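Chemist: Just dropping this structure here.
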Amino acid sequence: MKYMLLIYEDDADRVANMDERMPNCAAYAQAMMKAGIYVGGERLRAIGSTTTVRVTDGKTRVVDGPYAESKEQLAGFHVIDVPDLDTALAWAARCPSASRGVVEVRPVWPTQLPG
Amino acid sequence: MEPEREAAVRDAAEAVARRSYGKLVALLAARTRDVAGAEDALADAFAAAIADWPASGIPKNPEAWLMTVARRKQIDYARRRRSRLDADGHLRLMAEEIEAAAAAESAVPDERLSLMFACAHPAIDPGIRAPLILQTILGFDAATIGSAFLVSPATMAQRLVRAKSKIREAGIPFHVPERSELPGRLEAVLEAIYAAFAEGWSDPAGTEVRRRNLAEEGIWLGRLVASLLPDEPEALGLLALMLYAQARRDARRDAQGEYVPLTDQDPSLWDVSLIEEAEAVLARASALPGSGRYQLEAAVQSAHVVRRLTGHSDWAAIERIYDALLAMTSSPVVAINRAIAIAETRGAATGLEALDALADPPRLANYQPYWAARAGLLERTGAVEDADTAYERAIGLESDPAVRRFLQRRRSQLRCTRNSPSR
């Protein structure tokens with residue numbers, strides 16, 4: 001099963017300490033690759049770089065900033081392919097960000113493309 | 001069909017249902033993790049049994065028969081529901097399993113423990129774990145579970161459906177956790193079983209049959225877990241604890257339906273065979289390394305029921321066990337019981353000091369057992385005015401009318417014994 005690990009962290013703190021923390025995050029991603037479970041993932045730019053789009057009655061509204069304001073923001077994600085939730089939770093617990101913020105584990109709902 | 005034959009078949013099907021329901025659900029759901037689908041397939045298989053068995057006779061291995069039919073039903077559903085692409089491999093696997101089961105004609109393997117660990121997984125809301133186990137292992141319907149847990153049938157049904165789709169969609173595994181994880185995960189399973197038992201036990205008048213049965217079902221589940229994990233002291237400890245409690249169930253009320261506290265219960269009303277079984281189970285638990293909350297609580301019960309032989313509870317042992325429990329749990333409930341034990345071993349005033357020393361009074365301000373214990377100890381030290389106030393608090397916080405009447409009687413007796421403290 002594929003799971004997405006969504007990483008939420010205090011955004012200002014994360015961005016300020018990125019250089020120092022990056023080696024651990026890279027090692028974590030590397031470990032998932034070595035285990036043969038890694039599908040993909042990225043870190044995200046600072047929350048201030050977000051632009052939110054909504055289409056209402058055919059009109060596109062573009063707003064500066066994130067949809068939801070909160071201290072802990074989506075910081076990045078990984079997608080892994082593992083047999084079950086327990087395995088996914090064990091990998092989520094190894095994520096360095098799990099001890100600073102939280103990691104949400106959500107099963108991927110596969111899309112069935114036509115054709 | 002002759003009515004007698006039909007009745008015999010129905011009885012046989014019901015007997016298998018009772019014995020095998022959880023086993024079959026566990027096996028049917030193990031691969032797909034689709035508990036609701038497994039239950040549907042099994043319901044169809046039971047319907048088929050009631051239709052077929054009168055003519056064909058009850059099969060030699062009814063479990064295997066039901067399993068095979070239910071598997072075929074599952075394949076039918078899957079064919080109808082799934083796209084050809086992703087279903088093929090799945091269907092082939094299931095078909096192979098059917099062949100293997102039919103060829104082997106062996107006993108149906110018991111995966112109920114795995115199912116229980118899925119139901120009590122940390123990813124499942126703690127409040128729904130016990131109902132989920134009752135439904136998937138014992139086949140209780142939502143209405144019965146709802147009435148036992150005092151939730152409307154519709155709400156209970158909705159919560160059960162949500163929990164089952166969580167198991168399927170989140171990919172919660174059906175397996176007994178690794179040794180290193182087992183203690184924490186087993187605790188959740190035992191907690192759910194104890195919650196089911198406690199719901200049943202908390203109906204002391206026995207007026208609500210559904211709730212009373214729940215205590216027996218809790219013990220049944222406790223026996224099942226203890227037999228599947230015979231070397232886990234806490235599984236044995238929980239079983240012993242429930243057996244001790246069940247042994248005293250009828251002694252909790254007198255002939256008029258009035259509340260009788262443990263220390264005033266007539267030991268001749270206790271169920272000796274349940275007590276003996278509890279003692280044997282507890283002895284087995286004690287022989288294993290490690291001890292936990294349930295084993296210690298069972299040991300407290302053991303020290304109480306010794307009264308049937310010696311005429312008095314072993315309060316010194318009870319105090320020691322509560323010391324250990326307090327160190328383990330730091331629970332205020334344990335601290336209150338420890339203070340009551342101290343009052344027995346070292347006098348009411350010392351017990352009262354232990355109660356006063358409780359670290360977290362705000363949490364206890366609305367906790368009935370605290371005020372009831374306090375009232376009793378104050379009464380024994382002769383502090384009639386304070387005891388009166390404490391009884392008033394306890395009465396105001398009590399929800400069981402029989403216990404409320406008991407406290408009211410104690411409170412009014414305060415006035416009669418005003419100048420002659422009992423101890």
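Following the order of the structure tokens, chains are lettered A, B, ..., residues in each are numbered from 1, and ligands are numbered from 1.
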Please identify every residue of chain B that has at least one atom no farther than 6 Å from an atom of chain A, counting only C-alpha atoms, and for each give the shortest atom pair and the distance in Å to one decimal, arranged by chain then increasing number, as a Markdown table.

Modeler:
| residue | atom | partner | partner_atom | distance |
| --- | --- | --- | --- | --- |
| B:Ala170 | CA | A:Pro107 | CA | 5.5 |
| B:Gly171 | CA | A:Asp84 | CA | 5.1 |
| B:Ile172 | CA | A:Leu85 | CA | 5.0 |
| B:Pro173 | CA | A:Asp84 | CA | 5.7 |

Chemist: For Gly22 in chain B, work out the shell of residues within 6 Å, counting only C-alpha atoms and skipping chain neighbours fewer than 5 positions away, then give it as a VMD selection string.

Modeler: chain B and resid 136 to 138

Chemist: Ranking B:Leu238, B:Ile340, B:Leu224, B:Ala17 by minimum distance to Ile318 in chain B and counting only C-alpha atoms, which one comes first?

Modeler: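 Using only C-alpha atoms, the shortest distance to Ile318 in chain B belongs to B:Ile340.
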
Chemist: What lies within 8 Å of range 4-6 of chain A using only C-alpha atoms, ignoring chain neighbours under 5 positions off, as a PyMOL selection string?

Modeler: chain A and resi 74-80+92+103-108

Chemist: Could you please take those selected residues and save N, CA and C atoms as an mmCIF file, in the first residue's frame?

Modeler:
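Output file result.cif is given in full below:
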data_model
loop_
_atom_site.group_PDB
_atom_site.id
_atom_site.type_symbol
_atom_site.label_atom_id
_atom_site.label_comp_id
_atom_site.auth_asym_id
_atom_site.auth_seq_id
_atom_site.Cartn_x
_atom_site.Cartn_y
_atom_site.Cartn_z
ATOM 1 N N LEU A 74 2.493 22.645 6.654
ATOM 2 C CA LEU A 74 3.033 21.574 5.829
ATOM 3 C C LEU A 74 4.452 21.955 5.398
ATOM 4 N N ALA A 75 5.401 21.074 5.712
ATOM 5 C CA ALA A 75 6.806 21.396 5.455
ATOM 6 C C ALA A 75 7.373 20.553 4.319
ATOM 7 N N GLY A 76 6.706 19.407 4.068
ATOM 8 C CA GLY A 76 7.198 18.507 3.037
ATOM 9 C C GLY A 76 6.421 17.215 3.101
ATOM 10 N N PHE A 77 6.770 16.290 2.227
ATOM 11 C CA PHE A 77 6.039 15.020 2.201
ATOM 12 C C PHE A 77 6.926 13.930 1.633
ATOM 13 N N HIS A 78 6.585 12.705 1.997
ATOM 14 C CA HIS A 78 7.192 11.536 1.379
ATOM 15 C C HIS A 78 6.074 10.597 0.995
ATOM 16 N N VAL A 79 6.243 9.882 -0.108
ATOM 17 C CA VAL A 79 5.317 8.793 -0.428
ATOM 18 C C VAL A 79 6.114 7.497 -0.364
ATOM 19 N N ILE A 80 5.579 6.531 0.419
ATOM 20 C CA ILE A 80 6.270 5.245 0.549
ATOM 21 C C ILE A 80 5.298 4.124 0.188
ATOM 22 N N ALA A 92 7.331 6.566 9.714
ATOM 23 C CA ALA A 92 6.974 7.942 10.093
ATOM 24 C C ALA A 92 7.685 8.340 11.382
ATOM 25 N N VAL A 103 3.919 14.096 12.069
ATOM 26 C CA VAL A 103 3.854 13.497 10.745
ATOM 27 C C VAL A 103 2.495 12.804 10.624
ATOM 28 N N GLU A 104 1.710 13.223 9.661
ATOM 29 C CA GLU A 104 0.434 12.555 9.390
ATOM 30 C C GLU A 104 0.671 11.444 8.385
ATOM 31 N N VAL A 105 0.066 10.294 8.681
ATOM 32 C CA VAL A 105 0.215 9.157 7.767
ATOM 33 C C VAL A 105 -1.128 8.912 7.100
ATOM 34 N N ARG A 106 -1.176 9.055 5.796
ATOM 35 C CA ARG A 106 -2.442 8.853 5.094
ATOM 36 C C ARG A 106 -2.278 7.923 3.924
ATOM 37 N N PRO A 107 -3.189 6.930 3.845
ATOM 38 C CA PRO A 107 -3.117 6.026 2.699
ATOM 39 C C PRO A 107 -3.432 6.767 1.406
ATOM 40 N N VAL A 108 -2.710 6.424 0.358
ATOM 41 C CA VAL A 108 -2.973 7.013 -0.954
ATOM 42 C C VAL A 108 -4.185 6.313 -1.558
#

Chemist: Write out as a tab-separated table (two decimals) with C-alpha atoms, in the first residue's frame each polymer residue whose atoms come within 8 Å of range 153-163 of chain B, counting only C-alpha atoms; drop sequence neighbours fewer than 4 positions from it.

Modeler:
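New file out_22.tsv:
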chain	number	residue	atom	x	y	z
B	36	ALA	CA	-17.64	-5.39	6.80
B	124	ILE	CA	-8.62	3.11	16.10
B	125	ASP	CA	-10.47	5.46	18.44
B	128	ILE	CA	-14.94	2.10	19.71
B	131	PRO	CA	-17.71	-2.47	20.58
B	132	LEU	CA	-15.70	-3.43	17.51
B	142	ALA	CA	-25.07	-2.63	16.54
B	143	ALA	CA	-28.40	-2.35	18.39
B	144	THR	CA	-27.31	-4.77	21.13
B	145	ILE	CA	-23.91	-3.12	21.52
B	146	GLY	CA	-25.50	0.33	21.44
B	147	SER	CA	-27.93	-0.51	24.22
B	167	ILE	CA	-9.15	-0.68	9.16

Chemist: Give me the residues within 12 Å of Ala51 in chain B as a PyMOL selection string, counting only C-alpha atoms and dropping any in the same chain fewer than 4 places off.

Modeler: chain B and resi 1+5-7+9-10+13+44-47+55-58

Chemist: Would you export the selected residues with N, CA and C atoms as a PDB file, in the first residue's frame, please?

Modeler:
ATOM      1  N   MET B   1     -39.951 -28.970   4.241  1.00  0.00           N
ATOM      2  CA  MET B   1     -39.043 -29.419   5.298  1.00  0.00           C
ATOM      3  C   MET B   1     -39.817 -29.628   6.607  1.00  0.00           C
ATOM      4  N   ARG B   5     -36.720 -30.948  11.858  1.00  0.00           N
ATOM      5  CA  ARG B   5     -35.443 -30.976  11.162  1.00  0.00           C
ATOM      6  C   ARG B   5     -34.925 -29.556  10.947  1.00  0.00           C
ATOM      7  N   GLU B   6     -35.850 -28.684  10.578  1.00  0.00           N
ATOM      8  CA  GLU B   6     -35.482 -27.283  10.368  1.00  0.00           C
ATOM      9  C   GLU B   6     -34.933 -26.680  11.664  1.00  0.00           C
ATOM     10  N   ALA B   7     -35.594 -27.001  12.763  1.00  0.00           N
ATOM     11  CA  ALA B   7     -35.154 -26.464  14.058  1.00  0.00           C
ATOM     12  C   ALA B   7     -33.779 -27.009  14.418  1.00  0.00           C
ATOM     13  N   VAL B   9     -31.442 -27.989  12.360  1.00  0.00           N
ATOM     14  CA  VAL B   9     -30.443 -27.336  11.517  1.00  0.00           C
ATOM     15  C   VAL B   9     -30.166 -25.922  12.023  1.00  0.00           C
ATOM     16  N   ARG B  10     -31.235 -25.246  12.374  1.00  0.00           N
ATOM     17  CA  ARG B  10     -31.072 -23.886  12.873  1.00  0.00           C
ATOM     18  C   ARG B  10     -30.210 -23.885  14.138  1.00  0.00           C
ATOM     19  N   ALA B  13     -26.610 -24.516  13.172  1.00  0.00           N
ATOM     20  CA  ALA B  13     -26.023 -23.320  12.569  1.00  0.00           C
ATOM     21  C   ALA B  13     -25.732 -22.279  13.637  1.00  0.00           C
ATOM     22  N   ASP B  44     -24.237 -14.370   4.449  1.00  0.00           N
ATOM     23  CA  ASP B  44     -24.759 -15.124   3.298  1.00  0.00           C
ATOM     24  C   ASP B  44     -24.483 -16.613   3.461  1.00  0.00           C
ATOM     25  N   ALA B  45     -23.304 -16.951   3.973  1.00  0.00           N
ATOM     26  CA  ALA B  45     -22.955 -18.361   4.148  1.00  0.00           C
ATOM     27  C   ALA B  45     -23.869 -19.009   5.186  1.00  0.00           C
ATOM     28  N   PHE B  46     -24.180 -18.284   6.250  1.00  0.00           N
ATOM     29  CA  PHE B  46     -25.098 -18.830   7.257  1.00  0.00           C
ATOM     30  C   PHE B  46     -26.487 -19.031   6.656  1.00  0.00           C
ATOM     31  N   ALA B  47     -26.924 -18.093   5.823  1.00  0.00           N
ATOM     32  CA  ALA B  47     -28.225 -18.229   5.169  1.00  0.00           C
ATOM     33  C   ALA B  47     -28.217 -19.468   4.268  1.00  0.00           C
ATOM     34  N   ALA B  55     -31.427 -30.625   3.761  1.00  0.00           N
ATOM     35  CA  ALA B  55     -31.446 -31.652   2.710  1.00  0.00           C
ATOM     36  C   ALA B  55     -30.137 -32.438   2.689  1.00  0.00           C
ATOM     37  N   SER B  56     -29.004 -31.726   2.757  1.00  0.00           N
ATOM     38  CA  SER B  56     -27.713 -32.380   2.552  1.00  0.00           C
ATOM     39  C   SER B  56     -27.128 -32.932   3.857  1.00  0.00           C
ATOM     40  N   GLY B  57     -27.732 -32.593   4.968  1.00  0.00           N
ATOM     41  CA  GLY B  57     -27.181 -33.005   6.251  1.00  0.00           C
ATOM     42  C   GLY B  57     -26.148 -31.998   6.742  1.00  0.00           C
ATOM     43  N   ILE B  58     -25.927 -31.946   8.054  1.00  0.00           N
ATOM     44  CA  ILE B  58     -24.945 -31.019   8.602  1.00  0.00           C
ATOM     45  C   ILE B  58     -23.555 -31.546   8.253  1.00  0.00           C
TER      46      ILE B  58
END

Chemist: From the options B:Val16, B:Leu414, B:Ala373, B:Leu24, which residue's atoms come nearest to Pro261 in chain B, counting only C-alpha atoms?

Modeler: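 Under the stated criterion, the closest residue is B:Ala373.
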
Chemist: Hey, what's within 12 Å of Glu72 in chain A if we count only C-alpha atoms and toss same-chain stuff fewer than 4 positions away? As a list in words, please?

Modeler: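 My list of contacting residues is Leu6, Ile7, Tyr8, Glu9, Asp10, Asp11, Ala12, Asp13, Arg14, Ala46, Ile47, Pro66, Ala68, Gly76, Ser97, Arg100, Gly101, Val102 and Val103 of chain A.
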
Chemist: Now that the selection is made, can you save its residues with C-alpha atoms as an mmCIF file, in the first residue's frame?

Modeler:
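File produced: part-v4.cif:
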data_model
loop_
_atom_site.group_PDB
_atom_site.id
_atom_site.type_symbol
_atom_site.label_atom_id
_atom_site.label_comp_id
_atom_site.auth_asym_id
_atom_site.auth_seq_id
_atom_site.Cartn_x
_atom_site.Cartn_y
_atom_site.Cartn_z
ATOM 1 C CA LEU A 6 2.772 14.677 5.557
ATOM 2 C CA ILE A 7 5.215 16.609 7.672
ATOM 3 C CA TYR A 8 4.008 19.571 9.715
ATOM 4 C CA GLU A 9 6.429 21.843 11.533
ATOM 5 C CA ASP A 10 6.836 25.323 12.925
ATOM 6 C CA ASP A 11 7.656 26.992 9.626
ATOM 7 C CA ALA A 12 9.892 29.844 10.807
ATOM 8 C CA ASP A 13 11.981 27.520 12.955
ATOM 9 C CA ARG A 14 12.275 24.981 10.140
ATOM 10 C CA ALA A 46 8.785 28.751 3.329
ATOM 11 C CA ILE A 47 5.079 29.236 3.955
ATOM 12 C CA PRO A 66 -1.680 29.822 2.723
ATOM 13 C CA ALA A 68 -5.109 27.949 6.687
ATOM 14 C CA GLY A 76 7.198 18.507 3.037
ATOM 15 C CA SER A 97 10.582 16.151 11.894
ATOM 16 C CA ARG A 100 9.799 18.562 16.313
ATOM 17 C CA GLY A 101 6.355 18.718 14.723
ATOM 18 C CA VAL A 102 4.029 15.933 13.627
ATOM 19 C CA VAL A 103 3.854 13.497 10.745
#

Chemist: Work out how far apart CA of Tyr259 in chain B and CA of Ala402 in chain B are and give it in Å to one decimal.

Modeler: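 Computing it gives 5.4 Å between the two atoms.
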
Chemist: Using only C-alpha atoms for the distances, tell me which of B:Val333, B:Met116, B:Ala49, B:Val281 is nearest to Val225 in chain B.

Modeler: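 Looking only at the distances to Val225 in chain B, the closest residue turns out to be B:Met116.
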
Chemist: Using DSSP secondary structure from the backbone, list all strand (DSSP E) positions within range 1-94 of chain A, as number ranges by chain.

Modeler: A: 2-10, 38-43, 51-56, 59-64, 72-81

Chemist: Those same residues - C-alpha atoms - I'd like them written as an mmCIF file, in the first residue's frame.

Modeler:
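Wrote out28.cif, looks like this:
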data_model
loop_
_atom_site.group_PDB
_atom_site.id
_atom_site.type_symbol
_atom_site.label_atom_id
_atom_site.label_comp_id
_atom_site.auth_asym_id
_atom_site.auth_seq_id
_atom_site.Cartn_x
_atom_site.Cartn_y
_atom_site.Cartn_z
ATOM 1 C CA LYS A 2 1.125 3.530 -0.703
ATOM 2 C CA TYR A 3 1.102 6.032 2.145
ATOM 3 C CA MET A 4 1.861 9.717 2.158
ATOM 4 C CA LEU A 5 3.740 11.033 5.160
ATOM 5 C CA LEU A 6 2.772 14.677 5.557
ATOM 6 C CA ILE A 7 5.215 16.609 7.672
ATOM 7 C CA TYR A 8 4.008 19.571 9.715
ATOM 8 C CA GLU A 9 6.429 21.843 11.533
ATOM 9 C CA ASP A 10 6.836 25.323 12.925
ATOM 10 C CA TYR A 38 10.528 5.076 -1.423
ATOM 11 C CA VAL A 39 8.203 6.427 -4.074
ATOM 12 C CA GLY A 40 9.083 10.101 -3.811
ATOM 13 C CA GLY A 41 8.972 13.247 -1.749
ATOM 14 C CA GLU A 42 10.058 16.859 -1.440
ATOM 15 C CA ARG A 43 10.577 19.592 1.110
ATOM 16 C CA THR A 51 -0.241 31.404 -3.219
ATOM 17 C CA THR A 52 -3.808 30.168 -2.851
ATOM 18 C CA VAL A 53 -6.190 29.784 -5.785
ATOM 19 C CA ARG A 54 -9.948 29.345 -5.635
ATOM 20 C CA VAL A 55 -12.448 29.351 -8.485
ATOM 21 C CA THR A 56 -15.931 30.590 -7.552
ATOM 22 C CA LYS A 59 -13.986 33.491 -11.462
ATOM 23 C CA THR A 60 -10.458 32.698 -10.377
ATOM 24 C CA ARG A 61 -9.393 34.366 -7.160
ATOM 25 C CA VAL A 62 -5.734 34.360 -6.284
ATOM 26 C CA VAL A 63 -4.679 35.221 -2.760
ATOM 27 C CA ASP A 64 -1.264 35.649 -1.267
ATOM 28 C CA GLU A 72 2.631 24.355 12.254
ATOM 29 C CA GLN A 73 2.521 24.190 8.477
ATOM 30 C CA LEU A 74 3.033 21.574 5.829
ATOM 31 C CA ALA A 75 6.806 21.396 5.455
ATOM 32 C CA GLY A 76 7.198 18.507 3.037
ATOM 33 C CA PHE A 77 6.039 15.020 2.201
ATOM 34 C CA HIS A 78 7.192 11.536 1.379
ATOM 35 C CA VAL A 79 5.317 8.793 -0.428
ATOM 36 C CA ILE A 80 6.270 5.245 0.549
ATOM 37 C CA ASP A 81 5.032 1.832 -0.556
#
